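Colleague: Please find structure.pdb (PDB, C-alpha atoms) on the next line:
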ATOM      1  CA  MET A 144      98.849  36.239  91.911
ATOM      2  CA  TYR A 145      98.225  39.893  91.027
ATOM      3  CA  ALA A 146      98.796  43.247  92.675
ATOM      4  CA  ASP A 147      96.174  45.266  94.556
ATOM      5  CA  ARG A 148      96.892  48.427  92.608
ATOM      6  CA  LEU A 149      95.119  48.482  89.265
ATOM      7  CA  PRO A 150      97.969  49.770  87.052
ATOM      8  CA  THR A 151     100.372  47.125  88.371
ATOM      9  CA  ALA A 152      97.740  44.382  88.164
ATOM     10  CA  VAL A 153      96.861  45.320  84.573
ATOM     11  CA  ARG A 154     100.551  45.353  83.624
ATOM     12  CA  GLN A 155     101.052  41.928  85.211
ATOM     13  CA  LEU A 156      97.976  40.498  83.497
ATOM     14  CA  LEU A 157      99.021  41.844  80.105
ATOM     15  CA  THR A 158     102.545  40.516  80.612
ATOM     16  CA  ASP A 159     101.242  37.078  81.575
ATOM     17  CA  LEU A 160      98.962  36.994  78.525
ATOM     18  CA  ALA A 161     101.827  38.127  76.288
ATOM     19  CA  VAL A 162     104.073  35.368  77.644
ATOM     20  CA  VAL A 163     101.370  32.725  77.111
ATOM     21  CA  LEU A 164     100.725  33.934  73.549
ATOM     22  CA  TRP A 165     104.466  34.122  72.877
ATOM     23  CA  VAL A 166     105.005  30.532  74.022
ATOM     24  CA  TYR A 167     101.966  29.370  72.039
ATOM     25  CA  ALA A 168     103.275  31.120  68.906
ATOM     26  CA  TRP A 169     106.673  29.429  69.235
ATOM     27  CA  ILE A 170     105.049  26.035  69.783
ATOM     28  CA  ARG A 171     102.978  26.575  66.637
ATOM     29  CA  ALA A 172     106.173  27.599  64.835
ATOM     30  CA  GLY A 173     107.797  24.385  66.013
ATOM     31  CA  PHE A 174     104.923  22.315  64.601
ATOM     32  CA  TRP A 175     105.092  24.280  61.343
ATOM     33  CA  VAL A 176     108.838  23.665  60.975
ATOM     34  CA  ASN A 177     108.294  19.993  61.786
ATOM     35  CA  ASP A 178     105.675  19.739  59.031
ATOM     36  CA  MET A 179     107.884  21.572  56.528
ATOM     37  CA  VAL A 180     110.898  19.356  57.209
ATOM     38  CA  GLU A 181     108.719  16.235  57.150
ATOM     39  CA  LYS A 182     107.809  17.090  53.554
ATOM     40  CA  LEU A 183     111.447  16.462  52.648
ATOM     41  CA  GLY A 184     110.724  12.813  53.395
ATOM     42  CA  VAL A 185     108.108  12.538  50.602
ATOM     43  CA  PRO A 186     110.715  11.647  47.928
ATOM     44  CA  GLY A 187     112.048   8.937  50.229
ATOM     45  CA  GLN A 188     108.519   7.595  50.720
ATOM     46  CA  LYS A 189     107.965   7.482  46.959
ATOM     47  CA  LEU A 190     111.367   5.860  46.508
ATOM     48  CA  GLN A 191     110.482   3.204  49.069
ATOM     49  CA  GLU A 192     107.096   2.546  47.472
ATOM     50  CA  ALA A 193     108.604   2.372  43.995
ATOM     51  CA  GLY A 194     111.466   0.108  45.089
ATOM     52  CA  THR A 195     109.102  -2.212  46.946
ATOM     53  CA  GLY A 196     106.748  -2.368  43.956
ATOM     54  CA  ILE A 197     109.528  -3.041  41.478
ATOM     55  CA  ALA A 198     111.090  -5.689  43.717
ATOM     56  CA  GLY A 199     107.733  -7.403  44.073
ATOM     57  CA  ASN A 200     107.039  -7.336  40.327
ATOM     58  CA  LEU A 201     110.520  -8.597  39.455
ATOM     59  CA  GLY A 202     110.169 -11.332  42.024
ATOM     60  CA  ASP A 203     106.859 -12.424  40.491
ATOM     61  CA  ILE A 204     108.352 -12.376  36.994
ATOM     62  CA  GLY A 205     111.369 -14.319  38.197
ATOM     63  CA  GLY A 206     109.086 -16.896  39.754
ATOM     64  CA  LYS A 207     107.150 -17.334  36.506
ATOM     65  CA  VAL A 208     110.314 -17.455  34.381
ATOM     66  CA  GLY A 209     111.742 -20.050  36.750
ATOM     67  CA  ARG A 210     109.015 -22.444  35.672
ATOM     68  CA  VAL A 211     110.323 -22.507  32.074
ATOM     69  CA  PRO A 212     111.786 -25.978  31.452
ATOM     70  CA  LEU A 213     115.558 -26.389  31.179
ATOM     71  CA  VAL A 214     116.541 -22.682  31.111
ATOM     72  CA  GLY A 215     114.264 -21.420  33.900
ATOM     73  CA  ASP A 216     116.968 -21.267  36.567
ATOM     74  CA  ASP A 217     119.350 -19.382  34.274
ATOM     75  CA  LEU A 218     116.697 -16.839  33.348
ATOM     76  CA  THR A 219     115.648 -16.292  36.972
ATOM     77  CA  ALA A 220     119.053 -15.005  38.184
ATOM     78  CA  PRO A 221     118.902 -11.545  36.473
ATOM     79  CA  PHE A 222     115.376 -10.954  37.760
ATOM     80  CA  ASN A 223     116.358 -11.930  41.279
ATOM     81  CA  SER A 224     119.401  -9.654  41.079
ATOM     82  CA  ALA A 225     117.254  -6.761  39.849
ATOM     83  CA  ALA A 226     114.680  -7.441  42.578
ATOM     84  CA  GLY A 227     117.481  -7.281  45.166
ATOM     85  CA  ALA A 228     118.636  -3.930  43.777
ATOM     86  CA  ALA A 229     115.069  -2.620  43.915
ATOM     87  CA  SER A 230     114.820  -3.785  47.556
ATOM     88  CA  GLN A 231     117.984  -1.855  48.358
ATOM     89  CA  LEU A 232     116.424   1.186  46.694
ATOM     90  CA  ALA A 233     113.346   0.791  48.886
ATOM     91  CA  GLU A 234     115.564   0.479  51.985
ATOM     92  CA  ALA A 235     117.404   3.682  51.014
ATOM     93  CA  GLY A 236     114.046   5.453  50.767
ATOM     94  CA  ARG A 237     113.049   4.172  54.198
ATOM     95  CA  GLN A 238     116.335   5.325  55.738
ATOM     96  CA  GLN A 239     115.933   8.751  54.139
ATOM     97  CA  GLN A 240     112.474   9.072  55.710
ATOM     98  CA  GLU A 241     113.875   8.079  59.087
ATOM     99  CA  ILE A 242     116.662  10.674  58.898
ATOM    100  CA  VAL A 243     114.211  13.378  57.817
ATOM    101  CA  GLY A 244     111.850  12.439  60.657
ATOM    102  CA  LYS A 245     114.622  12.773  63.250
ATOM    103  CA  LEU A 246     115.758  16.072  61.697
ATOM    104  CA  ALA A 247     112.188  17.415  61.798
ATOM    105  CA  VAL A 248     111.796  16.585  65.496
ATOM    106  CA  THR A 249     115.224  18.039  66.330
ATOM    107  CA  MET A 250     114.541  21.283  64.461
ATOM    108  CA  ALA A 251     111.124  21.675  66.110
ATOM    109  CA  LEU A 252     112.579  21.078  69.582
ATOM    110  CA  LEU A 253     115.387  23.569  69.002
ATOM    111  CA  ILE A 254     112.942  26.240  67.872
ATOM    112  CA  VAL A 255     110.712  25.721  70.928
ATOM    113  CA  ALA A 256     113.512  25.139  73.459
ATOM    114  CA  VAL A 257     115.020  28.654  73.438
ATOM    115  CA  PRO A 258     111.763  30.571  74.083
ATOM    116  CA  LEU A 259     110.706  28.053  76.727
ATOM    117  CA  ALA A 260     114.101  28.345  78.406
ATOM    118  CA  LEU A 261     113.728  32.137  78.511
ATOM    119  CA  VAL A 262     110.311  31.757  80.141
ATOM    120  CA  LEU A 263     111.397  29.085  82.621
ATOM    121  CA  PHE A 264     114.698  30.665  83.651
ATOM    122  CA  LEU A 265     114.024  34.407  83.345
ATOM    123  CA  TRP A 266     110.332  35.318  83.493
ATOM    124  CA  LEU A 267     108.927  32.554  85.730
ATOM    125  CA  PRO A 268     111.461  32.910  88.597
ATOM    126  CA  ARG A 269     110.866  36.689  88.718
ATOM    127  CA  ARG A 270     107.098  36.173  88.665
ATOM    128  CA  LEU A 271     107.253  33.581  91.453
ATOM    129  CA  ARG A 272     109.630  35.767  93.475
ATOM    130  CA  TRP A 273     107.184  38.681  93.253
ATOM    131  CA  MET A 274     104.289  36.417  94.273
ATOM    132  CA  ARG A 275     106.229  35.204  97.304
ATOM    133  CA  ARG A 276     107.265  38.721  98.357
ATOM    134  CA  ALA A 277     103.817  40.177  97.760
ATOM    135  CA  GLY A 278     102.160  37.308  99.623
ATOM    136  CA  VAL A 279     104.327  37.855 102.706
ATOM    137  CA  ALA A 280     103.895  41.628 102.516
ATOM    138  CA  ALA A 281     100.104  41.290 102.244
ATOM    139  CA  VAL A 282     100.036  39.190 105.402
ATOM    140  CA  VAL A 283     102.298  41.380 107.520
ATOM    141  CA  ARG A 284     100.990  44.781 106.399
ATOM    142  CA  GLU A 285      98.058  44.543 108.826
ATOM    143  CA  GLN A 286     100.336  43.838 111.790
ATOM    144  CA  PRO A 287     102.174  46.635 113.655
ATOM    145  CA  ALA A 288     105.373  44.580 113.772
ATOM    146  CA  GLY A 289     104.896  43.775 110.109
ATOM    147  CA  ARG A 290     104.758  47.455 109.237
ATOM    148  CA  ASP A 291     108.088  47.932 111.015
ATOM    149  CA  LEU A 292     109.550  45.151 108.883
ATOM    150  CA  LEU A 293     108.184  46.729 105.711
ATOM    151  CA  ALA A 294     109.611  50.092 106.777
ATOM    152  CA  LEU A 295     113.004  48.511 107.451
ATOM    153  CA  ARG A 296     112.866  46.776 104.087
ATOM    154  CA  ALA A 297     112.132  50.113 102.402
ATOM    155  CA  LEU A 298     115.052  51.779 104.183
ATOM    156  CA  ALA A 299     117.376  48.983 103.130
ATOM    157  CA  GLY A 300     116.227  48.522  99.568
ATOM    158  CA  ARG A 301     114.557  51.578  98.099
ATOM    159  CA  PRO A 302     116.543  54.143  96.090
ATOM    160  CA  LEU A 303     117.807  57.191  97.979
ATOM    161  CA  ASN A 304     115.720  59.632  95.947
ATOM    162  CA  GLU A 305     112.515  57.833  96.973
ATOM    163  CA  LEU A 306     113.556  57.861 100.627
ATOM    164  CA  ALA A 307     114.577  61.526 100.464
ATOM    165  CA  ALA A 308     111.146  62.388  99.067
ATOM    166  CA  LEU A 309     109.658  61.253 102.397
ATOM    167  CA  GLY A 310     111.688  63.857 104.266
ATOM    168  CA  PRO A 311     115.332  64.527 105.130
ATOM    169  CA  ASP A 312     115.001  62.981 108.596
ATOM    170  CA  ILE A 313     113.041  59.887 107.591
ATOM    171  CA  ALA A 314     115.686  57.475 108.901
ATOM    172  CA  GLN A 315     115.959  59.326 112.216
ATOM    173  CA  SER A 316     112.175  59.453 112.509
ATOM    174  CA  TRP A 317     112.012  55.695 111.943
ATOM    175  CA  ARG A 318     114.696  55.099 114.602
ATOM    176  CA  ASN A 319     112.662  57.217 117.023
ATOM    177  CA  GLY A 320     109.614  55.060 116.360
ATOM    178  CA  ASP A 321     107.612  57.800 114.675
ATOM    179  CA  ALA A 322     104.356  56.130 113.561
ATOM    180  CA  ASP A 323     103.942  58.400 110.541
ATOM    181  CA  ALA A 324     107.449  57.626 109.345
ATOM    182  CA  VAL A 325     106.865  53.887 109.761
ATOM    183  CA  GLU A 326     103.594  54.137 107.841
ATOM    184  CA  ALA A 327     105.209  56.182 105.050
ATOM    185  CA  LEU A 328     108.100  53.751 104.655
ATOM    186  CA  ALA A 329     105.812  50.721 104.782
ATOM    187  CA  ALA A 330     103.554  52.319 102.165
ATOM    188  CA  LEU A 331     106.607  52.954  99.976
ATOM    189  CA  GLU A 332     107.615  49.311 100.097
ATOM    190  CA  LEU A 333     104.050  48.144  99.463
ATOM    191  CA  ARG A 334     103.687  50.540  96.533
ATOM    192  CA  ASP A 335     106.811  49.048  94.968
ATOM    193  CA  LEU A 336     105.104  45.629  95.148
ATOM    194  CA  GLY A 337     101.877  47.024  93.724
ATOM    195  CA  LEU A 338     100.023  46.604  97.034
ATOM    196  CA  ARG A 339      97.844  49.109  98.836
ATOM    197  CA  PRO A 340      98.872  50.401 102.261
ATOM    198  CA  ALA A 341      97.448  48.795 105.357
ATOM    199  CA  LYS A 342      94.016  49.995 106.408
ATOM    200  CA  ALA A 343      94.077  52.738 109.006
ATOM    201  CA  ARG A 344      93.296  51.533 112.498
TER     202      ARG A 344
END
As structure tokens, please, write out the structure in this file.
Modeller:
Amino acid sequence: MYADRLPTAVRQLLTDLAVVLWVYAWIRAGFWVNDMVEKLGVPGQKLQEAGTGIAGNLGDIGGKVGRVPLVGDDLTAPFNSAAGAASQLAEAGRQQQEIVGKLAVTMALLIVAVPLALVLFLWLPRRLRWMRRAGVAAVVREQPAGRDLLALRALAGRPLNELAALGPDIAQSWRNGDADAVEALAALELRDLGLRPAKAR
């Protein structure tokens, strides 16, 4: 998972820790936003509780008034109508809480989704690609044929200034099978991956 060379390994470890802390911070931010938006539902909760209480009280009063002889039915109608209005008020409060709850979840997901997408689609593929390349290079660096492959990879992929630093005839030396040239090119490729050169035989 980490390079052989200490500076590269330390950089990778610090980067991994930074990514983990960054993701954790955004998740915490998502929870915080969810809690803040959820507080907007408190008025709706109070509205629902008040409407339910009023509807219940008016219903009880209407029931008692309905027992008055002769005029009970006439007196009950306004209370029942008011109780129905209070029930609608309670339903409006419930719907407001539901909307706020959905908004809170949506906002939290949006806040967390972008950082997670950056990690999943930018950082993680590069990290896994390095692990795959470094794993293969670590296996083949001890094999003579593997060193040739690493040297070829260095010739094909390393910048010209790095290759020129190995000598003006490095490509010709590699074509001639010069062991020192192969070792130097293989070491260059391994150094780019943060790996130590193969042990001398």
Colleague: Return the single residue from A:Ala229, A:Ala307, A:Leu295, A:Met250 that is closest to Gly320 in chain A, with distances computed using all atoms listed in the file.
Modeller: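 Closest to Gly320 in chain A, using all atoms listed in the file: A:Leu295.
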Colleague: Skip Val166 in chain A itself and residues of its chain fewer than 2 positions away, then list as a PDB file with C-alpha atoms, keeping the file's coordinate frame all residues within 10 Å of it, counting all atoms listed in the file.
Modeller:
ATOM      1  CA  LEU A 160      98.962  36.994  78.525  1.00  0.00           C
ATOM      2  CA  ALA A 161     101.827  38.127  76.288  1.00  0.00           C
ATOM      3  CA  VAL A 162     104.073  35.368  77.644  1.00  0.00           C
ATOM      4  CA  VAL A 163     101.370  32.725  77.111  1.00  0.00           C
ATOM      5  CA  LEU A 164     100.725  33.934  73.549  1.00  0.00           C
ATOM      6  CA  ALA A 168     103.275  31.120  68.906  1.00  0.00           C
ATOM      7  CA  TRP A 169     106.673  29.429  69.235  1.00  0.00           C
ATOM      8  CA  ILE A 170     105.049  26.035  69.783  1.00  0.00           C
ATOM      9  CA  ARG A 171     102.978  26.575  66.637  1.00  0.00           C
ATOM     10  CA  ALA A 172     106.173  27.599  64.835  1.00  0.00           C
ATOM     11  CA  VAL A 255     110.712  25.721  70.928  1.00  0.00           C
ATOM     12  CA  PRO A 258     111.763  30.571  74.083  1.00  0.00           C
ATOM     13  CA  LEU A 259     110.706  28.053  76.727  1.00  0.00           C
ATOM     14  CA  LEU A 261     113.728  32.137  78.511  1.00  0.00           C
ATOM     15  CA  VAL A 262     110.311  31.757  80.141  1.00  0.00           C
TER      16      VAL A 262
END
Colleague: List, as JSON, numbers by chain, every residue that the PyMOL selection byres ((chain A and resi 188) around 10) selects in the file provided.
Modeller: {"A": [182, 183, 184, 185, 186, 187, 189, 190, 191, 192, 193, 194, 233, 235, 236, 237, 238, 239, 240, 241]}
Colleague: Smallest atom-to-atom distance to Tyr145 in chain A: which of A:Asn200, A:Val180, A:Met274, A:Leu232, using only C-alpha atoms?
Modeller: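 Smallest distance to Tyr145 in chain A is found for A:Met274.
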Colleague: Using only C-alpha atoms, find the one residue out of A:Ala299, A:Ala281, A:Ala324, A:Leu201 that sits nearest to Thr219 in chain A.
Modeller: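 Between A:Ala299, A:Ala281, A:Ala324, A:Leu201, the residue approaching Thr219 in chain A most closely is A:Leu201.
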Colleague: Check the smallest atom-to-atom distance from each of A:Ala308, A:Leu303, A:Ala277, A:Leu293 to Leu328 in chain A using only C-alpha atoms, then report the winner.
Modeller: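 Ranked by minimum distance to Leu328 in chain A, first place goes to A:Leu293.
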Colleague: Can you translate the PyMOL selection byres ((chain A and resi 330-341) around 6) into the concrete residues it hits in this file, as a ChimeraX atom specification?
Modeller: /A:146-148,151,284-285,297,326-329,342
Colleague: Using CA of Ile197 in chain A and CA of Ala226 in chain A as the two end points, give the distance in Å to one decimal.
Modeller: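 Interatomic distance, CA of Ile197 in chain A to CA of Ala226 in chain A: 6.9 Å.
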Colleague: For a test of reading the model, state the distance in Å between CA of Arg270 in chain A and CA of Arg301 in chain A, rounded to one decimal.
Modeller: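 Separation of CA of Arg270 in chain A and CA of Arg301 in chain A: 19.5 Å.
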Colleague: One number please: CA of Gly199 in chain A to CA of Lys245 in chain A, in Å, one decimal.
Modeller: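 CA of Gly199 in chain A sits 28.7 Å away from CA of Lys245 in chain A.
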Colleague: Taking the file as shown, find all residues satisfying the PyMOL selection byres ((chain A and resi 251) around 8) and write them as a PyMOL selection string.
Modeller: chain A and resi 172-174+176-177+247-250+252-255
